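Report on the structure given below.
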Amino acid sequence: MKTFQRICTLIVAVILFTSAAFAAPKREYVDATTLTVINKAQNDGLPLNRIDVNEFGIPKSAKGGLSQTTGMAILFKTDSRSISAKWTTKTKKLGANMSPIFHSGMDLYIREGNKWIFAGVARPNTSGTEHSFVMVKRMAEGVKECMLYLPMFNSVTSLQIGIDENAKIEAIPSPFKHKILFVGSSLTHGASAARPGLCYVARIGRMLNAETPNIGLSGKCKLDDYFANIVCATEADAYFFDTFSNSTKQIIEKRLYNFVKKIVAAHPDKPMIFLQTVKRDSGNFDLVARKRNDDQRAAAEELMKNICKEFKNVYFINPGFYTGEDSEGTIDGTHLNDLGVERMLNKIMPQVKKILKKYKIK
């Protein structure tokens with residue numbers, strides 16, 4: 001009987017020890033806006049908006065999209081062995097051609113030496129606007145420098161970052177040497193990478209050690225005055241443009257020259273790199289779609305030849321959004337998947353680095 005009691009006592013002790021060892025740690029949360037917010041065009045407006053939508057003559061139809069946290073990130077350091085997040089988004093609606101993590105979730109990177117290494121994702125609640133997720137746990141002890149990319153196609157109204165009880169978290173200054181502004185269509189808005197840190201803008205930022213404010217706006221970047229106004233008001237080391245993807249041949253012919261002239265006047269000594277739009281696989285069999293795409297690409301190429309001759313700091317990279325020749329580089333015939341982004345960067349980055357080196361951006 002005593003032996004049986006001892007065995008039962010031992011089993012209970014093991015169960016209690018195991019439960020304690022694997023119990024979820026208590027967490028403390030801090031408001032992300034008290035940390036370092038990066039990749040904003042200007043340091044005004046609401047903390048979690050990439051731009052102040054009440055400025056620049058932005059029309060009502062564009063304010064919702066430009067209020068999204070596209071491209072933004074939070075920088076901090078912590079000695080916590082786990083990192084979690086609680087956040088609220090404006091809408092629970094998800095994009096039809098993108099992952100929930102990309103649309104309304106987040107991904108976390110941790111710096112090791114000079115490299116940012118992927119650490120985990122924050123998966124959103126796909127049926128509501130209140131979200132909570134543990135991004136990484138069971139890490140080794142020690143202080144980590146972290147970068148949390150925010151949702152690409154949703155507005156974030158509140159964000160808290162969770163750490164283990166009694167751990168520390170604090171803001172860190174931006175380690176990035178340069179600032180490069182990106183303006184463009186849904187391709188620049190990021191559609192359709194798997195998660196925020198994999199869109200081409202974020203990847204170029206890590207490659208070039210640069211903050212990369214992202215003024216991509218799905219379906220609406222048509223060489224409009226308000227895009228030019230944003231560029232003129234934004235001080236950066238370089239500027240990238242994806243301005244042909246939403247523009248028809250007629251729009252390009254009518255607006256491109258004055259668009260370029262205006263921004264060159266505002267930043268005469270800065271490099272401005274225009275990317276040729278994607279050759280759309282959606283035109284493989286759709287003849288109308290193919291002609292529209294061919295026309296916009298031809299118009300961009302023709303006009304950019306003369307523009308680059310006139311303005312010495314303006315460049316045209318063609319092909320720009322290169323996805324390959326096998327129709328495997330997009331999610332829907334237009335928007336780049338992760339393979340398409342990889343192919344694009346392999347194609348353009350040697351030219352980009354060569355151009356930027358002349359301006360001591362490397």
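Residues in the structure tokens are named by chain (A, B, ... in the order shown) and by number from 1 within that chain; ligands are numbered from 1 in the order shown.
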Shell around Pro47 of chain A at 12 Å using only C-alpha atoms, local window under 4 positions removed, as a PyMOL selection string: chain A and resi 31-43+51-52+67-69+72-74+155-159
Might you pull out every residue within 12 Å of Gly324 of chain A, with only C-alpha atoms counted and same-chain residues fewer than 4 positions away left off, and present them as a PDB file with N, CA, C and O atoms, in the first residue's frame?
```pdb
ATOM      1  N   VAL A 278       5.078  45.191 -65.396  1.00  0.00           N
ATOM      2  CA  VAL A 278       5.158  43.760 -65.626  1.00  0.00           C
ATOM      3  C   VAL A 278       4.572  43.391 -66.989  1.00  0.00           C
ATOM      4  O   VAL A 278       3.626  44.029 -67.471  1.00  0.00           O
ATOM      5  N   LYS A 279       5.147  42.390 -67.619  1.00  0.00           N
ATOM      6  CA  LYS A 279       4.539  41.781 -68.803  1.00  0.00           C
ATOM      7  C   LYS A 279       3.529  40.777 -68.290  1.00  0.00           C
ATOM      8  O   LYS A 279       3.879  39.729 -67.744  1.00  0.00           O
ATOM      9  N   ARG A 280       2.252  41.070 -68.473  1.00  0.00           N
ATOM     10  CA  ARG A 280       1.207  40.329 -67.782  1.00  0.00           C
ATOM     11  C   ARG A 280       0.908  38.984 -68.444  1.00  0.00           C
ATOM     12  O   ARG A 280       0.564  38.930 -69.629  1.00  0.00           O
ATOM     13  N   ASP A 281       0.990  37.940 -67.647  1.00  0.00           N
ATOM     14  CA  ASP A 281       0.620  36.613 -68.139  1.00  0.00           C
ATOM     15  C   ASP A 281      -0.885  36.505 -68.359  1.00  0.00           C
ATOM     16  O   ASP A 281      -1.349  35.583 -69.042  1.00  0.00           O
ATOM     17  N   PRO A 319      13.753  45.226 -68.473  1.00  0.00           N
ATOM     18  CA  PRO A 319      12.544  44.964 -67.706  1.00  0.00           C
ATOM     19  C   PRO A 319      12.680  45.380 -66.243  1.00  0.00           C
ATOM     20  O   PRO A 319      13.773  45.370 -65.684  1.00  0.00           O
ATOM     21  N   GLY A 320      11.534  45.748 -65.672  1.00  0.00           N
ATOM     22  CA  GLY A 320      11.500  46.139 -64.276  1.00  0.00           C
ATOM     23  C   GLY A 320      10.898  45.037 -63.429  1.00  0.00           C
ATOM     24  O   GLY A 320      11.588  44.313 -62.726  1.00  0.00           O
ATOM     25  N   GLU A 328       5.048  31.343 -64.186  1.00  0.00           N
ATOM     26  CA  GLU A 328       4.986  30.811 -62.826  1.00  0.00           C
ATOM     27  C   GLU A 328       5.264  31.885 -61.772  1.00  0.00           C
ATOM     28  O   GLU A 328       5.268  31.587 -60.582  1.00  0.00           O
ATOM     29  N   GLY A 329       5.484  33.120 -62.195  1.00  0.00           N
ATOM     30  CA  GLY A 329       5.940  34.147 -61.273  1.00  0.00           C
ATOM     31  C   GLY A 329       4.869  35.066 -60.721  1.00  0.00           C
ATOM     32  O   GLY A 329       5.197  36.027 -60.021  1.00  0.00           O
ATOM     33  N   THR A 330       3.591  34.800 -61.033  1.00  0.00           N
ATOM     34  CA  THR A 330       2.515  35.633 -60.498  1.00  0.00           C
ATOM     35  C   THR A 330       1.450  34.768 -59.853  1.00  0.00           C
ATOM     36  O   THR A 330       1.374  33.562 -60.097  1.00  0.00           O
ATOM     37  N   GLY A 333      -1.588  36.192 -62.869  1.00  0.00           N
ATOM     38  CA  GLY A 333      -1.238  36.699 -64.183  1.00  0.00           C
ATOM     39  C   GLY A 333      -0.695  38.107 -64.169  1.00  0.00           C
ATOM     40  O   GLY A 333      -0.165  38.583 -65.172  1.00  0.00           O
ATOM     41  N   LEU A 336       2.902  39.740 -58.455  1.00  0.00           N
ATOM     42  CA  LEU A 336       4.048  38.873 -58.229  1.00  0.00           C
ATOM     43  C   LEU A 336       3.866  38.010 -56.983  1.00  0.00           C
ATOM     44  O   LEU A 336       3.497  38.509 -55.908  1.00  0.00           O
ATOM     45  N   ASN A 337       4.101  36.704 -57.135  1.00  0.00           N
ATOM     46  CA  ASN A 337       4.234  35.842 -55.967  1.00  0.00           C
ATOM     47  C   ASN A 337       5.688  35.895 -55.501  1.00  0.00           C
ATOM     48  O   ASN A 337       6.508  36.650 -56.025  1.00  0.00           O
ATOM     49  N   LEU A 339       8.118  33.814 -55.897  1.00  0.00           N
ATOM     50  CA  LEU A 339       9.035  33.454 -56.977  1.00  0.00           C
ATOM     51  C   LEU A 339       9.224  34.637 -57.920  1.00  0.00           C
ATOM     52  O   LEU A 339      10.347  34.939 -58.352  1.00  0.00           O
ATOM     53  N   GLY A 340       8.124  35.312 -58.246  1.00  0.00           N
ATOM     54  CA  GLY A 340       8.220  36.480 -59.117  1.00  0.00           C
ATOM     55  C   GLY A 340       9.058  37.584 -58.519  1.00  0.00           C
ATOM     56  O   GLY A 340       9.851  38.234 -59.216  1.00  0.00           O
ATOM     57  N   VAL A 341       8.908  37.820 -57.210  1.00  0.00           N
ATOM     58  CA  VAL A 341       9.729  38.833 -56.540  1.00  0.00           C
ATOM     59  C   VAL A 341      11.209  38.459 -56.610  1.00  0.00           C
ATOM     60  O   VAL A 341      12.066  39.306 -56.880  1.00  0.00           O
ATOM     61  N   GLU A 342      11.504  37.195 -56.385  1.00  0.00           N
ATOM     62  CA  GLU A 342      12.899  36.741 -56.443  1.00  0.00           C
ATOM     63  C   GLU A 342      13.474  36.959 -57.838  1.00  0.00           C
ATOM     64  O   GLU A 342      14.606  37.458 -57.989  1.00  0.00           O
ATOM     65  N   ARG A 343      12.711  36.616 -58.851  1.00  0.00           N
ATOM     66  CA  ARG A 343      13.186  36.806 -60.219  1.00  0.00           C
ATOM     67  C   ARG A 343      13.365  38.289 -60.545  1.00  0.00           C
ATOM     68  O   ARG A 343      14.333  38.685 -61.200  1.00  0.00           O
ATOM     69  N   MET A 344      12.437  39.091 -60.096  1.00  0.00           N
ATOM     70  CA  MET A 344      12.532  40.531 -60.322  1.00  0.00           C
ATOM     71  C   MET A 344      13.803  41.095 -59.704  1.00  0.00           C
ATOM     72  O   MET A 344      14.564  41.830 -60.349  1.00  0.00           O
ATOM     73  N   LEU A 345      14.055  40.761 -58.434  1.00  0.00           N
ATOM     74  CA  LEU A 345      15.221  41.312 -57.749  1.00  0.00           C
ATOM     75  C   LEU A 345      16.520  40.818 -58.378  1.00  0.00           C
ATOM     76  O   LEU A 345      17.495  41.582 -58.490  1.00  0.00           O
ATOM     77  N   ASN A 346      16.549  39.571 -58.794  1.00  0.00           N
ATOM     78  CA  ASN A 346      17.749  39.059 -59.461  1.00  0.00           C
ATOM     79  C   ASN A 346      18.032  39.824 -60.754  1.00  0.00           C
ATOM     80  O   ASN A 346      19.192  40.017 -61.134  1.00  0.00           O
ATOM     81  N   LYS A 347      16.978  40.266 -61.413  1.00  0.00           N
ATOM     82  CA  LYS A 347      17.133  40.976 -62.678  1.00  0.00           C
ATOM     83  C   LYS A 347      17.532  42.440 -62.464  1.00  0.00           C
ATOM     84  O   LYS A 347      18.417  42.956 -63.152  1.00  0.00           O
TER      85      LYS A 347
END
```
Determine, for each residue of segment 147-216 of chain A having at least one atom at most 9 Å from an atom of segment 89-102 of chain A, the closest pair of atoms and their separation in Å to one decimal, counting only C-alpha atoms; order by chain and ascending number, as a tab-separated table.
```
residue	atom	partner	partner_atom	distance
A:Leu150	CA	A:Phe102	CA	8.8
A:Pro151	CA	A:Phe102	CA	6.2
A:Met152	CA	A:Phe102	CA	6.0
A:Phe153	CA	A:Phe102	CA	7.5
A:Asn154	CA	A:Thr89	CA	6.4
A:Ser155	CA	A:Lys90	CA	5.3
A:Val156	CA	A:Thr89	CA	4.5
A:Thr157	CA	A:Thr89	CA	5.8
A:Ser158	CA	A:Thr89	CA	7.4
A:Leu159	CA	A:Thr89	CA	9.0
A:Gly190	CA	A:Phe102	CA	8.6
A:Ala191	CA	A:Met98	CA	6.7
A:Ser192	CA	A:Met98	CA	5.3
A:Ala193	CA	A:Phe102	CA	6.9
A:Ala194	CA	A:Phe102	CA	5.8
A:Arg195	CA	A:Phe102	CA	4.1
A:Pro196	CA	A:Phe102	CA	5.2
A:Gly197	CA	A:Phe102	CA	8.7
```
Let me see the file: selected residues, all heavy atoms, as a short mmCIF file (atom, residue, chain, number, x, y, z; two decimals), in the first residue's frame.
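Done, and the output landed in again-v9.cif:
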```cif
data_model
loop_
_atom_site.label_atom_id
_atom_site.label_comp_id
_atom_site.auth_asym_id
_atom_site.auth_seq_id
_atom_site.Cartn_x
_atom_site.Cartn_y
_atom_site.Cartn_z
N LEU A 150 4.35 45.54 -40.43
CA LEU A 150 2.92 45.67 -40.16
C LEU A 150 2.09 45.22 -41.36
O LEU A 150 2.62 45.00 -42.45
CB LEU A 150 2.61 47.11 -39.78
CG LEU A 150 3.42 47.68 -38.60
CD1 LEU A 150 2.88 49.05 -38.20
CD2 LEU A 150 3.44 46.73 -37.41
N PRO A 151 0.76 45.08 -41.19
CA PRO A 151 -0.10 44.61 -42.28
C PRO A 151 0.01 45.48 -43.53
O PRO A 151 0.15 46.70 -43.45
CB PRO A 151 -1.50 44.70 -41.67
CG PRO A 151 -1.28 44.51 -40.20
CD PRO A 151 0.01 45.21 -39.92
N MET A 152 -0.10 44.83 -44.69
CA MET A 152 0.11 45.52 -45.96
C MET A 152 -1.16 46.10 -46.55
O MET A 152 -1.12 47.10 -47.27
CB MET A 152 0.73 44.55 -46.97
CG MET A 152 2.15 44.11 -46.60
SD MET A 152 3.35 45.44 -46.64
CE MET A 152 3.57 45.68 -48.39
N PHE A 153 -2.33 45.49 -46.28
CA PHE A 153 -3.56 45.95 -46.91
C PHE A 153 -4.67 46.23 -45.90
O PHE A 153 -5.84 46.11 -46.21
CB PHE A 153 -4.04 44.92 -47.94
CG PHE A 153 -3.52 45.16 -49.34
CD1 PHE A 153 -2.22 44.82 -49.67
CD2 PHE A 153 -4.32 45.73 -50.31
CE1 PHE A 153 -1.73 45.04 -50.95
CE2 PHE A 153 -3.85 45.95 -51.59
CZ PHE A 153 -2.55 45.61 -51.92
N ASN A 154 -4.29 46.61 -44.68
CA ASN A 154 -5.28 46.96 -43.67
C ASN A 154 -4.76 48.12 -42.84
O ASN A 154 -3.55 48.36 -42.81
CB ASN A 154 -5.58 45.76 -42.77
CG ASN A 154 -7.02 45.74 -42.28
OD1 ASN A 154 -7.67 46.77 -42.13
ND2 ASN A 154 -7.53 44.54 -42.03
N SER A 155 -5.66 48.82 -42.20
CA SER A 155 -5.29 49.88 -41.27
C SER A 155 -5.26 49.30 -39.86
O SER A 155 -6.14 48.52 -39.48
CB SER A 155 -6.30 51.03 -41.33
OG SER A 155 -6.33 51.60 -42.63
N VAL A 156 -4.26 49.67 -39.09
CA VAL A 156 -4.12 49.19 -37.72
C VAL A 156 -4.49 50.33 -36.77
O VAL A 156 -3.87 51.40 -36.81
CB VAL A 156 -2.68 48.71 -37.45
CG1 VAL A 156 -2.51 48.33 -35.98
CG2 VAL A 156 -2.36 47.52 -38.34
N THR A 157 -5.49 50.12 -35.95
CA THR A 157 -5.93 51.16 -35.02
C THR A 157 -5.26 51.06 -33.66
O THR A 157 -5.22 52.04 -32.92
CB THR A 157 -7.45 51.12 -34.86
OG1 THR A 157 -7.85 49.81 -34.39
CG2 THR A 157 -8.15 51.38 -36.20
N SER A 158 -4.75 49.88 -33.32
CA SER A 158 -3.97 49.72 -32.09
C SER A 158 -3.06 48.51 -32.24
O SER A 158 -3.41 47.54 -32.93
CB SER A 158 -4.88 49.56 -30.87
OG SER A 158 -5.56 48.31 -30.91
N LEU A 159 -1.90 48.58 -31.61
CA LEU A 159 -0.94 47.48 -31.67
C LEU A 159 -0.16 47.43 -30.37
O LEU A 159 0.40 48.44 -29.93
CB LEU A 159 0.03 47.67 -32.84
CG LEU A 159 1.23 46.71 -32.90
CD1 LEU A 159 0.78 45.26 -33.02
CD2 LEU A 159 2.14 47.09 -34.07
N GLY A 190 2.47 45.69 -52.77
CA GLY A 190 2.99 44.43 -52.28
C GLY A 190 2.33 43.18 -52.80
O GLY A 190 2.84 42.08 -52.62
N ALA A 191 1.17 43.32 -53.45
CA ALA A 191 0.46 42.14 -53.90
C ALA A 191 1.30 41.39 -54.94
O ALA A 191 1.77 41.98 -55.90
CB ALA A 191 -0.89 42.56 -54.52
N SER A 192 1.52 40.06 -54.72
CA SER A 192 0.91 39.26 -53.67
C SER A 192 1.96 38.36 -53.00
O SER A 192 1.97 37.15 -53.15
CB SER A 192 -0.19 38.39 -54.25
OG SER A 192 -1.25 39.15 -54.75
N ALA A 193 2.84 39.00 -52.24
CA ALA A 193 3.83 38.24 -51.47
C ALA A 193 3.13 37.44 -50.37
O ALA A 193 1.98 37.72 -50.03
CB ALA A 193 4.87 39.18 -50.87
N ALA A 194 3.82 36.48 -49.81
CA ALA A 194 3.21 35.62 -48.80
C ALA A 194 3.05 36.34 -47.47
O ALA A 194 2.10 36.07 -46.73
CB ALA A 194 4.05 34.36 -48.62
N ARG A 195 3.97 37.24 -47.16
CA ARG A 195 3.92 37.99 -45.90
C ARG A 195 4.60 39.34 -46.11
O ARG A 195 5.31 39.53 -47.11
CB ARG A 195 4.57 37.20 -44.77
CG ARG A 195 5.93 36.59 -45.09
CD ARG A 195 6.43 35.69 -43.96
NE ARG A 195 7.63 34.96 -44.30
CZ ARG A 195 8.87 35.44 -44.25
NH1 ARG A 195 9.07 36.69 -43.85
NH2 ARG A 195 9.90 34.68 -44.57
N PRO A 196 4.36 40.31 -45.23
CA PRO A 196 4.84 41.67 -45.47
C PRO A 196 6.34 41.80 -45.75
O PRO A 196 6.73 42.57 -46.64
CB PRO A 196 4.46 42.40 -44.17
CG PRO A 196 3.24 41.68 -43.70
CD PRO A 196 3.49 40.24 -44.03
N GLY A 197 7.16 41.07 -45.04
CA GLY A 197 8.60 41.20 -45.22
C GLY A 197 9.14 40.65 -46.51
O GLY A 197 10.33 40.81 -46.81
#
```
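Of note, atom CA of Asp44 of chain A and atom CA of Glu235 of chain A are spaced 13.3 Å apart.
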Do you know which residues are at most 12 Å from Lys357 of chain A counting only C-alpha atoms, after dropping those on the same chain fewer than 5 positions away, and could you put them as number ranges by chain? A: 208, 237-238, 271, 349-352, 362
Close residues, Phe118 of chain A itself excluded, 8 Å, only C-alpha atoms, min 6 positions apart in chain, as a list in words: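 Residues near the query, excluding close chain neighbours: Asp107, Leu108, Tyr109 and Ile110 of chain A.
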May I have the residues within 9 Å of segment 168-182 of chain A as number ranges by chain, using only C-alpha atoms and disregarding those fewer than 4 positions away in the same chain? A: 30, 34-39, 41, 74-80, 143, 145, 163-164, 188, 201, 205-206, 208-216, 231, 234-242, 361-362
Selection file, C-alpha atoms, as a PDB file, in the first residue's frame:
```pdb
ATOM      1  CA  VAL A  30       3.563  47.608 -24.454  1.00  0.00           C
ATOM      2  CA  THR A  34       6.107  54.065 -27.798  1.00  0.00           C
ATOM      3  CA  LEU A  35       8.795  52.162 -29.729  1.00  0.00           C
ATOM      4  CA  THR A  36      10.490  53.166 -33.010  1.00  0.00           C
ATOM      5  CA  VAL A  37       8.158  53.443 -35.995  1.00  0.00           C
ATOM      6  CA  ILE A  38       9.926  53.413 -39.379  1.00  0.00           C
ATOM      7  CA  ASN A  39       9.087  53.607 -43.083  1.00  0.00           C
ATOM      8  CA  ALA A  41       7.219  59.224 -45.697  1.00  0.00           C
ATOM      9  CA  ILE A  74       8.364  48.686 -35.509  1.00  0.00           C
ATOM     10  CA  LEU A  75      11.921  48.517 -34.168  1.00  0.00           C
ATOM     11  CA  PHE A  76      12.741  47.443 -30.609  1.00  0.00           C
ATOM     12  CA  LYS A  77      15.036  45.311 -28.505  1.00  0.00           C
ATOM     13  CA  THR A  78      14.037  42.817 -25.837  1.00  0.00           C
ATOM     14  CA  ASP A  79      15.465  40.074 -23.660  1.00  0.00           C
ATOM     15  CA  SER A  80      12.172  38.182 -23.732  1.00  0.00           C
ATOM     16  CA  VAL A 143      18.866  40.673 -25.973  1.00  0.00           C
ATOM     17  CA  GLU A 145      17.071  43.534 -31.920  1.00  0.00           C
ATOM     18  CA  ILE A 163       6.931  39.969 -23.844  1.00  0.00           C
ATOM     19  CA  ASP A 164       7.496  37.549 -20.979  1.00  0.00           C
ATOM     20  CA  THR A 188       4.447  48.202 -55.030  1.00  0.00           C
ATOM     21  CA  VAL A 201      10.072  47.010 -51.314  1.00  0.00           C
ATOM     22  CA  GLY A 205      15.235  47.840 -47.864  1.00  0.00           C
ATOM     23  CA  ARG A 206      17.079  44.999 -46.173  1.00  0.00           C
ATOM     24  CA  LEU A 208      20.373  48.288 -49.253  1.00  0.00           C
ATOM     25  CA  ASN A 209      20.266  48.978 -45.500  1.00  0.00           C
ATOM     26  CA  ALA A 210      17.560  51.565 -46.078  1.00  0.00           C
ATOM     27  CA  GLU A 211      14.247  52.682 -44.690  1.00  0.00           C
ATOM     28  CA  THR A 212      11.710  52.243 -47.477  1.00  0.00           C
ATOM     29  CA  PRO A 213       8.486  54.237 -47.136  1.00  0.00           C
ATOM     30  CA  ASN A 214       5.936  52.552 -49.381  1.00  0.00           C
ATOM     31  CA  ILE A 215       3.386  54.717 -51.200  1.00  0.00           C
ATOM     32  CA  GLY A 216       2.005  51.897 -53.308  1.00  0.00           C
ATOM     33  CA  VAL A 231       7.247  62.841 -53.627  1.00  0.00           C
ATOM     34  CA  THR A 234       9.410  63.747 -48.994  1.00  0.00           C
ATOM     35  CA  GLU A 235      13.125  64.034 -48.382  1.00  0.00           C
ATOM     36  CA  ALA A 236      14.889  60.800 -49.316  1.00  0.00           C
ATOM     37  CA  ASP A 237      18.179  59.603 -50.757  1.00  0.00           C
ATOM     38  CA  ALA A 238      16.525  58.024 -53.791  1.00  0.00           C
ATOM     39  CA  TYR A 239      13.090  57.537 -55.350  1.00  0.00           C
ATOM     40  CA  PHE A 240      11.569  54.506 -57.108  1.00  0.00           C
ATOM     41  CA  PHE A 241       8.514  54.680 -59.364  1.00  0.00           C
ATOM     42  CA  ASP A 242       6.073  52.017 -60.531  1.00  0.00           C
ATOM     43  CA  ILE A 361      24.102  54.671 -51.622  1.00  0.00           C
ATOM     44  CA  LYS A 362      25.386  51.161 -51.040  1.00  0.00           C
TER      45      LYS A 362
END
```
Taking into account only C-alpha atoms, which residue in the set A:Tyr149, A:Phe274, A:Phe311, A:Tyr322 is nearest to Phe244 of chain A?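 Looking only at the distances to Phe244 of chain A, the closest residue turns out to be A:Phe274.
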